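Novice: Next up, run.cif (mmCIF, C-alpha atoms and all ligand atoms).
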```cif
data_coords
#
loop_
_atom_site.label_atom_id
_atom_site.label_comp_id
_atom_site.auth_asym_id
_atom_site.auth_seq_id
_atom_site.Cartn_x
_atom_site.Cartn_y
_atom_site.Cartn_z
CA MET A 1 -7.49 6.57 30.12
CA LEU A 2 -6.97 10.28 30.31
CA ASN A 3 -9.79 12.84 30.23
CA GLY A 4 -12.18 10.02 29.38
CA LYS A 5 -10.21 8.94 26.32
CA LYS A 6 -7.76 6.19 25.56
CA VAL A 7 -4.17 7.33 25.28
CA LEU A 8 -2.11 7.12 22.11
CA TYR A 9 1.66 7.59 22.13
CA SER A 10 4.12 7.88 19.31
CA GLY A 11 7.60 9.22 18.95
CA MET A 12 9.70 10.29 16.04
CA GLN A 13 13.40 10.93 15.81
CA ALA A 14 14.59 14.23 14.47
CA THR A 15 17.35 12.67 12.41
CA GLY A 16 17.20 13.06 8.65
CA ASN A 17 14.56 14.89 6.67
CA LEU A 18 11.03 13.56 6.70
CA THR A 19 9.87 12.06 3.43
CA LEU A 20 6.63 11.79 1.55
CA GLY A 21 6.52 8.24 2.92
CA ASN A 22 6.52 9.51 6.52
CA TYR A 23 3.74 11.92 5.62
CA LEU A 24 1.42 9.64 3.62
CA GLY A 25 2.18 6.60 5.76
CA ALA A 26 2.00 8.20 9.20
CA LEU A 27 1.56 11.92 9.88
CA LYS A 28 -1.38 12.51 7.55
CA ASN A 29 -3.34 9.74 9.26
CA TRP A 30 -2.69 11.09 12.73
CA VAL A 31 -4.49 14.38 12.19
CA ASN A 32 -7.92 13.20 13.35
CA LEU A 33 -6.85 10.67 15.96
CA CYS A 34 -7.22 13.28 18.69
CA ASP A 35 -11.03 13.02 18.34
CA GLU A 36 -10.82 9.51 19.70
CA TYR A 37 -7.57 9.44 21.66
CA GLU A 38 -5.59 11.64 23.99
CA CYS A 39 -2.50 11.85 21.78
CA PHE A 40 1.12 12.37 22.76
CA TYR A 41 3.74 12.82 20.06
CA GLY A 42 7.26 12.97 21.36
CA VAL A 43 10.16 14.44 19.45
CA VAL A 44 12.52 11.85 20.88
CA ASP A 45 15.76 13.79 21.03
CA MET A 46 17.11 11.59 23.84
CA HIS A 47 17.01 8.61 21.50
CA SER A 48 18.88 10.59 18.88
CA ILE A 49 22.08 10.88 20.89
CA THR A 50 22.59 7.11 20.87
CA VAL A 51 24.48 7.96 17.69
CA ARG A 52 26.78 10.98 17.53
CA GLN A 53 25.01 14.23 16.64
CA ASP A 54 26.09 17.76 15.90
CA PRO A 55 24.37 19.72 18.71
CA THR A 56 23.37 22.69 16.55
CA VAL A 57 21.96 20.44 13.87
CA LEU A 58 20.08 18.25 16.35
CA ARG A 59 18.48 21.25 18.04
CA GLN A 60 17.40 22.72 14.72
CA ARG A 61 16.07 19.42 13.41
CA ALA A 62 14.11 18.77 16.58
CA ARG A 63 12.42 22.14 16.20
CA ASN A 64 11.81 21.55 12.51
CA LEU A 65 10.17 18.22 13.27
CA LEU A 66 7.91 19.79 15.84
CA MET A 67 6.85 22.41 13.29
CA ILE A 68 6.31 19.75 10.64
CA TYR A 69 3.89 17.91 12.93
CA ILE A 70 1.91 21.12 13.28
CA ALA A 71 2.19 22.02 9.59
CA ALA A 72 0.89 18.55 8.73
CA GLY A 73 -2.29 19.45 10.56
CA ILE A 74 -1.77 17.94 14.01
CA ASP A 75 -3.29 20.58 16.24
CA PRO A 76 -0.83 21.33 19.08
CA GLU A 77 -3.66 22.48 21.35
CA LYS A 78 -5.45 19.15 21.05
CA ASN A 79 -2.36 16.93 20.81
CA CYS A 80 0.63 17.00 23.08
CA ILE A 81 3.58 17.55 20.74
CA TYR A 82 6.64 17.96 22.92
CA TYR A 83 10.36 17.31 23.35
CA GLN A 84 11.22 14.11 25.20
CA SER A 85 14.21 15.84 26.82
CA HIS A 86 11.91 18.42 28.44
CA VAL A 87 10.26 15.78 30.61
CA SER A 88 12.79 14.31 33.01
CA GLY A 89 10.44 11.45 33.84
CA HIS A 90 11.52 9.64 30.68
CA ALA A 91 15.05 9.20 31.97
CA GLU A 92 13.90 8.41 35.50
CA LEU A 93 11.44 5.73 34.45
CA ALA A 94 13.94 4.33 31.94
CA TRP A 95 16.37 3.71 34.80
CA ILE A 96 13.80 1.80 36.80
CA LEU A 97 12.73 -0.22 33.77
CA ASN A 98 16.37 -1.02 33.03
CA CYS A 99 16.28 -2.98 36.25
CA PHE A 100 13.34 -5.00 34.92
CA THR A 101 14.78 -5.78 31.50
CA TYR A 102 17.15 -8.64 30.80
CA MET A 103 20.39 -8.40 28.85
CA GLY A 104 19.22 -11.41 26.86
CA GLU A 105 16.09 -9.59 25.75
CA LEU A 106 18.03 -6.55 24.58
CA ASN A 107 20.58 -8.77 22.86
CA ARG A 108 17.83 -10.11 20.65
CA MET A 109 16.77 -6.71 19.33
CA THR A 110 17.41 -6.64 15.60
CA GLN A 111 17.62 -2.85 15.46
CA PHE A 112 20.43 -2.93 18.01
CA LYS A 113 22.30 -5.48 15.94
CA ASP A 114 21.85 -3.41 12.79
CA LYS A 115 22.88 -0.16 14.42
CA ALA A 116 25.83 -1.73 16.21
CA ALA A 117 27.07 -3.01 12.87
CA LYS A 118 26.58 0.42 11.30
CA HIS A 119 28.25 2.35 14.14
CA ALA A 120 30.92 -0.15 15.11
CA ASP A 121 33.11 2.61 16.56
CA ASN A 122 30.43 3.73 19.03
CA ILE A 123 28.49 0.80 20.44
CA ASN A 124 27.48 2.62 23.61
CA ALA A 125 25.24 1.44 26.43
CA GLY A 126 22.54 3.89 25.35
CA LEU A 127 22.28 2.18 22.00
CA PHE A 128 21.83 -1.10 23.83
CA THR A 129 19.14 0.17 26.21
CA TYR A 130 17.41 2.28 23.55
CA PRO A 131 14.33 0.02 23.66
CA VAL A 132 14.03 0.53 27.41
CA LEU A 133 13.86 4.29 26.94
CA MET A 134 11.20 3.70 24.31
CA ALA A 135 9.29 1.52 26.76
CA ALA A 136 9.53 4.34 29.29
CA ASP A 137 8.11 6.81 26.74
CA ILE A 138 5.09 4.64 26.21
CA LEU A 139 4.47 3.46 29.77
CA LEU A 140 4.98 6.88 31.32
CA TYR A 141 1.76 8.07 29.68
CA GLN A 142 -0.13 4.83 30.28
CA ALA A 143 -0.60 4.55 26.55
CA ASP A 144 -3.27 2.16 25.31
CA VAL A 145 -2.17 2.24 21.70
CA VAL A 146 1.02 2.93 19.81
CA PRO A 147 1.07 3.42 16.04
CA VAL A 148 4.31 1.80 14.97
CA GLY A 149 5.75 0.48 11.79
CA ILE A 150 6.85 -3.09 11.45
CA ASP A 151 10.45 -2.11 12.26
CA GLN A 152 9.43 -1.00 15.77
CA MET A 153 7.17 -3.95 16.54
CA GLN A 154 9.88 -5.85 18.39
CA HIS A 155 10.41 -2.85 20.67
CA LEU A 156 6.70 -2.65 21.37
CA GLU A 157 6.63 -6.35 22.22
CA LEU A 158 9.46 -5.78 24.67
CA THR A 159 7.54 -2.86 26.17
CA ARG A 160 4.57 -5.13 26.73
CA ASP A 161 6.76 -7.82 28.33
CA VAL A 162 8.42 -5.33 30.68
CA ALA A 163 5.06 -3.80 31.63
CA GLN A 164 3.59 -7.20 32.36
CA ARG A 165 6.65 -8.23 34.35
CA PHE A 166 6.45 -5.10 36.45
CA ASN A 167 2.69 -5.46 36.94
CA GLY A 168 3.26 -9.09 37.92
CA VAL A 169 5.41 -7.96 40.83
CA TYR A 170 3.64 -4.77 41.95
CA GLY A 171 0.06 -5.01 40.76
CA ASP A 172 -1.57 -3.09 37.95
CA VAL A 173 0.74 -0.12 37.58
CA PHE A 174 1.13 0.11 33.82
CA THR A 175 -1.38 -0.07 31.02
CA VAL A 176 -0.10 -2.77 28.66
CA PRO A 177 -0.01 -1.06 25.26
CA GLU A 178 -1.13 -2.49 21.96
CA ALA A 179 -0.12 -1.70 18.44
CA TYR A 180 -2.53 0.78 16.92
CA ILE A 181 -4.36 -0.86 14.10
CA GLY A 182 -6.61 1.78 12.71
CA LYS A 183 -6.72 3.01 9.20
CA VAL A 184 -3.20 2.32 8.05
CA GLY A 185 -1.46 4.79 5.81
CA ALA A 186 -0.01 4.02 2.45
CA LYS A 187 3.31 2.23 2.38
CA ILE A 188 5.45 4.27 0.03
CA MET A 189 8.51 2.68 -1.53
CA SER A 190 11.77 4.14 -2.81
CA LEU A 191 11.49 5.82 -6.22
CA GLN A 192 14.79 4.24 -7.25
CA ASP A 193 14.30 0.75 -5.84
CA PRO A 194 10.62 -0.09 -5.31
CA SER A 195 11.51 -3.18 -3.28
CA LYS A 196 12.74 -0.91 -0.44
CA LYS A 197 10.74 1.46 1.74
CA MET A 198 11.15 5.18 1.04
CA SER A 199 13.53 6.21 3.79
CA LYS A 200 14.79 9.46 5.23
CA SER A 201 18.24 7.90 5.50
CA ASP A 202 18.53 6.71 1.90
CA GLU A 203 21.85 7.72 0.42
CA ASN A 204 20.39 8.31 -3.02
CA PRO A 205 18.54 11.68 -2.89
CA ASN A 206 16.43 10.67 -5.90
CA ALA A 207 14.99 7.74 -3.97
CA SER A 208 12.94 9.89 -1.61
CA ILE A 209 10.77 12.96 -1.91
CA TYR A 210 11.43 15.16 1.11
CA LEU A 211 8.60 17.19 2.59
CA MET A 212 10.50 20.39 1.97
CA ASP A 213 11.48 19.64 -1.66
CA ASP A 214 10.53 22.44 -4.04
CA PRO A 215 8.12 21.72 -6.92
CA ASP A 216 10.85 21.38 -9.55
CA THR A 217 12.71 18.84 -7.45
CA ILE A 218 9.54 16.86 -6.78
CA MET A 219 8.69 16.77 -10.47
CA ARG A 220 12.21 15.75 -11.43
CA LYS A 221 12.25 12.90 -8.89
CA CYS A 222 8.86 11.62 -10.04
CA ARG A 223 9.89 11.74 -13.67
CA ARG A 224 13.07 9.81 -12.88
CA ALA A 225 11.28 7.15 -10.85
CA VAL A 226 12.32 3.64 -11.81
CA THR A 227 9.56 1.75 -13.63
CA ASP A 228 9.62 -1.09 -16.16
CA SER A 229 9.28 -1.77 -19.84
CA GLU A 230 5.75 -3.20 -19.80
CA GLY A 231 4.32 0.09 -20.99
CA GLN A 232 1.01 -0.44 -19.19
CA ILE A 233 -0.28 1.27 -16.12
CA GLN A 234 -1.50 -1.62 -14.03
CA TYR A 235 -1.62 -2.24 -10.32
CA ARG A 236 0.20 -5.50 -9.92
CA GLU A 237 3.18 -7.05 -8.19
CA GLU A 238 5.13 -7.55 -11.40
CA GLN A 239 5.31 -3.77 -11.81
CA PRO A 240 6.45 -2.55 -8.40
CA GLY A 241 7.62 0.85 -9.64
CA ILE A 242 4.33 1.68 -11.34
CA ARG A 243 2.42 0.23 -8.43
CA ASN A 244 4.28 2.53 -6.05
CA LEU A 245 3.47 5.55 -8.22
CA ILE A 246 -0.18 4.49 -8.24
CA ASP A 247 -0.08 4.23 -4.44
CA ILE A 248 1.39 7.72 -4.20
CA TYR A 249 -1.16 9.18 -6.60
CA SER A 250 -3.95 7.38 -4.84
CA ALA A 251 -2.87 8.58 -1.37
CA CYS A 252 -2.56 12.16 -2.66
CA THR A 253 -5.91 12.25 -4.43
CA GLY A 254 -8.04 9.92 -2.31
CA LYS A 255 -8.82 7.79 -5.36
CA THR A 256 -8.55 4.01 -5.16
CA PRO A 257 -5.77 2.27 -7.12
CA GLN A 258 -8.44 0.84 -9.45
CA GLU A 259 -9.78 4.32 -10.18
CA VAL A 260 -6.25 5.51 -10.90
CA VAL A 261 -5.67 2.62 -13.30
CA GLY A 262 -8.94 3.52 -15.06
CA GLU A 263 -8.02 7.19 -15.25
CA PHE A 264 -4.67 6.52 -16.94
CA ASP A 265 -5.73 3.60 -19.10
CA GLY A 266 -3.85 3.71 -22.38
CA GLN A 267 -1.61 6.60 -21.39
CA GLY A 268 2.19 6.55 -21.35
CA TYR A 269 4.41 6.44 -18.28
CA GLY A 270 5.67 9.97 -18.95
CA ASP A 271 2.22 11.56 -18.63
CA PHE A 272 1.42 9.47 -15.61
CA LYS A 273 4.65 10.46 -13.85
CA THR A 274 3.88 14.12 -14.52
CA ALA A 275 0.43 13.67 -13.02
CA VAL A 276 1.96 12.00 -9.96
CA GLY A 277 4.42 14.89 -9.59
CA GLU A 278 1.59 17.41 -9.77
CA ALA A 279 -0.48 15.52 -7.22
CA VAL A 280 2.47 15.40 -4.79
CA ILE A 281 3.22 19.09 -5.30
CA GLY A 282 -0.44 19.87 -4.61
CA VAL A 283 -0.38 17.92 -1.35
CA LEU A 284 2.91 19.31 -0.08
CA ARG A 285 2.31 22.96 -1.01
CA PRO A 286 -0.10 23.79 1.84
CA LEU A 287 2.13 21.93 4.32
CA GLN A 288 5.17 23.91 3.17
CA GLU A 289 3.29 27.20 3.32
CA ARG A 290 2.07 26.54 6.82
CA TYR A 291 5.58 25.49 7.82
CA ALA A 292 7.05 28.74 6.49
CA GLU A 293 4.52 30.72 8.54
CA LEU A 294 5.30 28.74 11.69
CA ALA A 295 9.04 29.17 11.19
CA LYS A 296 8.52 32.94 11.31
CA ASP A 297 6.41 32.82 14.46
CA LYS A 298 8.99 32.05 17.13
CA GLY A 299 6.77 33.23 19.96
CA TYR A 300 3.91 30.94 19.00
CA ILE A 301 6.12 27.86 18.69
CA ASP A 302 7.90 28.63 21.95
CA GLY A 303 4.52 28.93 23.65
CA ILE A 304 3.49 25.50 22.35
CA ILE A 305 6.77 23.98 23.47
CA LYS A 306 6.37 25.34 26.98
CA ALA A 307 2.70 24.50 27.42
CA ASN A 308 3.07 20.98 26.08
CA ALA A 309 6.18 20.23 28.16
CA GLU A 310 4.07 21.11 31.19
CA LYS A 311 1.14 19.03 30.04
CA ALA A 312 3.35 16.02 29.33
CA GLY A 313 5.28 16.56 32.54
CA TYR A 314 2.09 16.50 34.56
CA ALA A 315 0.88 13.21 33.08
CA ALA A 316 4.38 11.71 33.39
CA ALA A 317 4.83 12.71 37.02
CA LYS A 318 1.64 10.92 37.99
CA THR A 319 2.94 7.58 36.70
CA LEU A 320 6.46 8.15 37.93
CA ARG A 321 5.44 8.91 41.53
CA LYS A 322 3.37 5.76 41.60
CA VAL A 323 6.22 3.64 40.23
CA GLN A 324 8.72 5.14 42.66
CA ARG A 325 6.45 4.30 45.60
CA LYS A 326 5.96 0.75 44.32
CA VAL A 327 9.65 0.00 44.03
CA GLY A 328 10.30 1.37 47.51
CA PHE A 329 11.78 4.82 47.04
CA PRO A 330 11.08 6.96 50.12
CA ASP A 331 8.28 9.51 49.99
CA ARG A 332 9.28 13.09 49.43
CA ILE A 333 9.05 15.39 52.43
CA ARG A 334 7.02 18.43 51.45
N1 LIG B 1 12.17 4.13 18.17
C1 LIG B 1 11.20 4.81 17.36
C2 LIG B 1 11.73 4.93 15.93
O1 LIG B 1 12.90 5.01 15.72
C3 LIG B 1 10.90 6.18 17.88
C4 LIG B 1 10.26 6.13 19.22
C5 LIG B 1 10.83 6.46 20.40
C6 LIG B 1 8.94 5.71 19.50
N2 LIG B 1 9.94 6.31 21.43
C7 LIG B 1 8.78 5.86 20.90
C8 LIG B 1 7.89 5.26 18.71
C9 LIG B 1 7.57 5.50 21.51
C10 LIG B 1 6.70 4.91 19.31
C11 LIG B 1 6.53 5.05 20.72
O2 LIG B 1 10.92 4.99 15.02
#
```
Write out the structure in this file as structure tokens.

Specialist:
Amino acid sequence: MLNGKKVLYSGMQATGNLTLGNYLGALKNWVNLCDEYECFYGVVDMHSITVRQDPTVLRQRARNLLMIYIAAGIDPEKNCIYYQSHVSGHAELAWILNCFTYMGELNRMTQFKDKAAKHADNINAGLFTYPVLMAADILLYQADVVPVGIDQMQHLELTRDVAQRFNGVYGDVFTVPEAYIGKVGAKIMSLQDPSKKMSKSDENPNASIYLMDDPDTIMRKCRRAVTDSEGQIQYREEQPGIRNLIDIYSACTGKTPQEVVGEFDGQGYGDFKTAVGEAVIGVLRPLQERYAELAKDKGYIDGIIKANAEKAGYAAAKTLRKVQRKVGFPDRIR
């Protein structure tokens, strides 16, 4: 608990460009969570360097991501949107938690196995202990809930195990976090292969709509979306492409899939795709406009970065001091 509210923590990497899937599935649904939770959203730049990054690009992307959070409507005065690297407690707690995590546990992490296979020339220790840093992110703020996708569930389970192990030895130090199961966002699939999730790392640029795509590009991608030859707009498993477009339209307009099916009954795929394109353009336009304003206001963004690093640092220090005492580090002389 913090300020009488439960704590929610989530982090996002600043690698790749955010997609419509990230927005409709996550960001959009986070806007009002601050009414109920004390929310921390980390731009987890320390995680990003587990694979090689161009420093200039990483710095720019981290800032872009921070601005996208704000442009998406997450109020930076009510939510702590900050850079992980600005709060040294993440690294300090990660070290301590490393000493409470077993090699065998980390060896079982499927994301590690995937990434090690993908970056065979750079299987560094950071990539291996990535989940421990993630556990530190979460536990540092005593988070009660963590909104995570299915791909991060194994890391959250590990976080819970490590927290319980530590608590077992030292008493109740950490809040044991749970997956956030509130209103879940839409799961948006690739426009080129509707059996795969829309991903910011997809190699085919037509598979994903990026948040910063201009209207012509959005329309073109929607019109090229892979569908089927049934010729009927129905919401069913046998038509995954059409179903995905219905999901997108429904998330953009607030209509239920059934209402969407009713609205387009008897119409061709071409008209429907155009309507989907227009709905997406309508949703992304205000976000892009707000983003453009923020990008011009360096002073405002810098102020947010500074204030939130302090706010996060304060909450983090409280946990860290407690943990350091518990494990037996000497008190500081002041
Ligand atoms: N590993 C997460 C991902 O790649 C990002 C992340 C880092 C995270 N720290 C976190 C997510 C803490 C939730 C909570 O998606």

Novice: Report as a count of residues only which protein, DNA and RNA residues come within 7 Å of ligand LIG 1 (chain B), using all atoms listed in the file.

Specialist: 15

Novice: Which of these residues is nearest to Leu320 of chain A, using all atoms listed in the file: A:Phe100, A:Phe128, A:Tyr41, A:Tyr141?

Specialist: A:Tyr141

Novice: May I have the protein, DNA and RNA residues with an atom at most 6 Å from (17.6, 10.2, 10.1), counting all atoms listed in the file in the file's coordinates, returned as a PyMOL selection string?

Specialist: chain A and resi 15-16+200-201

Novice: Residues at most 10 Å from Lys326 of chain A, counting only C-alpha atoms, excluding those fewer than 2 positions away in the same chain, as a list of chain:residue names?

Specialist: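 In the requested format, the answer is A:Phe166, A:Val169, A:Tyr170, A:Gly171, A:Val173, A:Leu320, A:Arg321, A:Lys322, A:Val323, A:Gln324, A:Gly328, A:Phe329, A:Pro330.
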
Novice: Pick the closest to Arg285 of chain A from A:Pro215, A:Gly231, A:Gly104, A:Pro205: which is it, counting only C-alpha atoms?

Specialist: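 Looking at the shortest contact to Arg285 of chain A, the residue is A:Pro215.
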
Novice: With all atoms listed in the file as the atoms that count, which of A:Glu278, A:Asp302, A:Asp265, A:Asp114 lies nearest to Tyr249 of chain A?

Specialist: A:Glu278

Novice: Skipping near chain neighbours, those fewer than 3 positions away, what residues fall within 10 Å of Asn22 of chain A using all atoms listed in the file, listed as a VMD selection string?

Specialist: chain A and resid 17 to 19 25 to 28 185 to 188 198 to 200 210 to 211

Novice: Would you save the residues from that selection as an mmCIF file, keeping the file's coordinate frame, using C-alpha atoms?

Specialist:
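Result file part_23.cif:
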```cif
data_model
loop_
_atom_site.group_PDB
_atom_site.id
_atom_site.type_symbol
_atom_site.label_atom_id
_atom_site.label_comp_id
_atom_site.auth_asym_id
_atom_site.auth_seq_id
_atom_site.Cartn_x
_atom_site.Cartn_y
_atom_site.Cartn_z
ATOM 1 C CA ASN A 17 14.560 14.890 6.670
ATOM 2 C CA LEU A 18 11.030 13.560 6.700
ATOM 3 C CA THR A 19 9.870 12.060 3.430
ATOM 4 C CA GLY A 25 2.180 6.600 5.760
ATOM 5 C CA ALA A 26 2.000 8.200 9.200
ATOM 6 C CA LEU A 27 1.560 11.920 9.880
ATOM 7 C CA LYS A 28 -1.380 12.510 7.550
ATOM 8 C CA GLY A 185 -1.460 4.790 5.810
ATOM 9 C CA ALA A 186 -0.010 4.020 2.450
ATOM 10 C CA LYS A 187 3.310 2.230 2.380
ATOM 11 C CA ILE A 188 5.450 4.270 0.030
ATOM 12 C CA MET A 198 11.150 5.180 1.040
ATOM 13 C CA SER A 199 13.530 6.210 3.790
ATOM 14 C CA LYS A 200 14.790 9.460 5.230
ATOM 15 C CA TYR A 210 11.430 15.160 1.110
ATOM 16 C CA LEU A 211 8.600 17.190 2.590
#
```

Novice: Using all atoms listed in the file, pick whichever of A:Ser195, A:Asn3, A:Gln258, A:Asn206 has the shortest atom-to-atom distance to Glu237 of chain A.

Specialist: A:Ser195

Novice: I'd like the contact shell of Arg108 of chain A - 10 Å cut-off, only C-alpha atoms, skipping same-chain residues fewer than 5 positions apart - returned as a list in words.

Specialist: Met103, Lys113 and Gln154 of chain A

Novice: With distances taken over only C-alpha atoms, which residue among A:Met67, A:Gln84, A:Gly282, A:Glu238 lies nearest Cys252 of chain A?

Specialist: A:Gly282

Novice: For each of A:Ile304, A:Ile248, A:Val51, A:Val276, take the minimum atom-to-atom distance to Asp121 of chain A, counting only C-alpha atoms, then give the residue where this is smallest.

Specialist: A:Val51

Novice: Measure the distance from atom CA of Ala125 of chain A to atom CA of Arg325 of chain A in Å and round it to one decimal.

Specialist: 27.0 Å

Novice: Please compute the atom CA of Phe40 of chain A-atom CA of Asp151 of chain A distance, one decimal, in Å.

Specialist: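 Pair atom CA of Phe40 of chain A / atom CA of Asp151 of chain A returns 20.2 Å.
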
Novice: In Å, rounded to a single decimal, give me how far atom CA of Ala62 of chain A is from atom CA of Val43 of chain A.

Specialist: 6.5 Å

Novice: Report as a PyMOL selection string all protein, DNA and RNA residues lying within 10 Å of Leu8 of chain A, evaluated on only C-alpha atoms, omitting residues in the same chain fewer than 5 positions from it.

Specialist: chain A and resi 1+33-34+36-41+79+138+141-147+177-180

Novice: Considering all atoms listed in the file, return as a list in words whatever protein or nucleic-acid residues lie within 10 Å of Tyr269 of chain A, sequence-local ones (same chain, fewer than 4 positions apart) excluded.

Specialist: Arg223, Thr227, Asp228, Ser229, Glu230, Gly231, Gln232, Ile233, Ile242, Phe264, Lys273, Thr274 and Ala275 of chain A
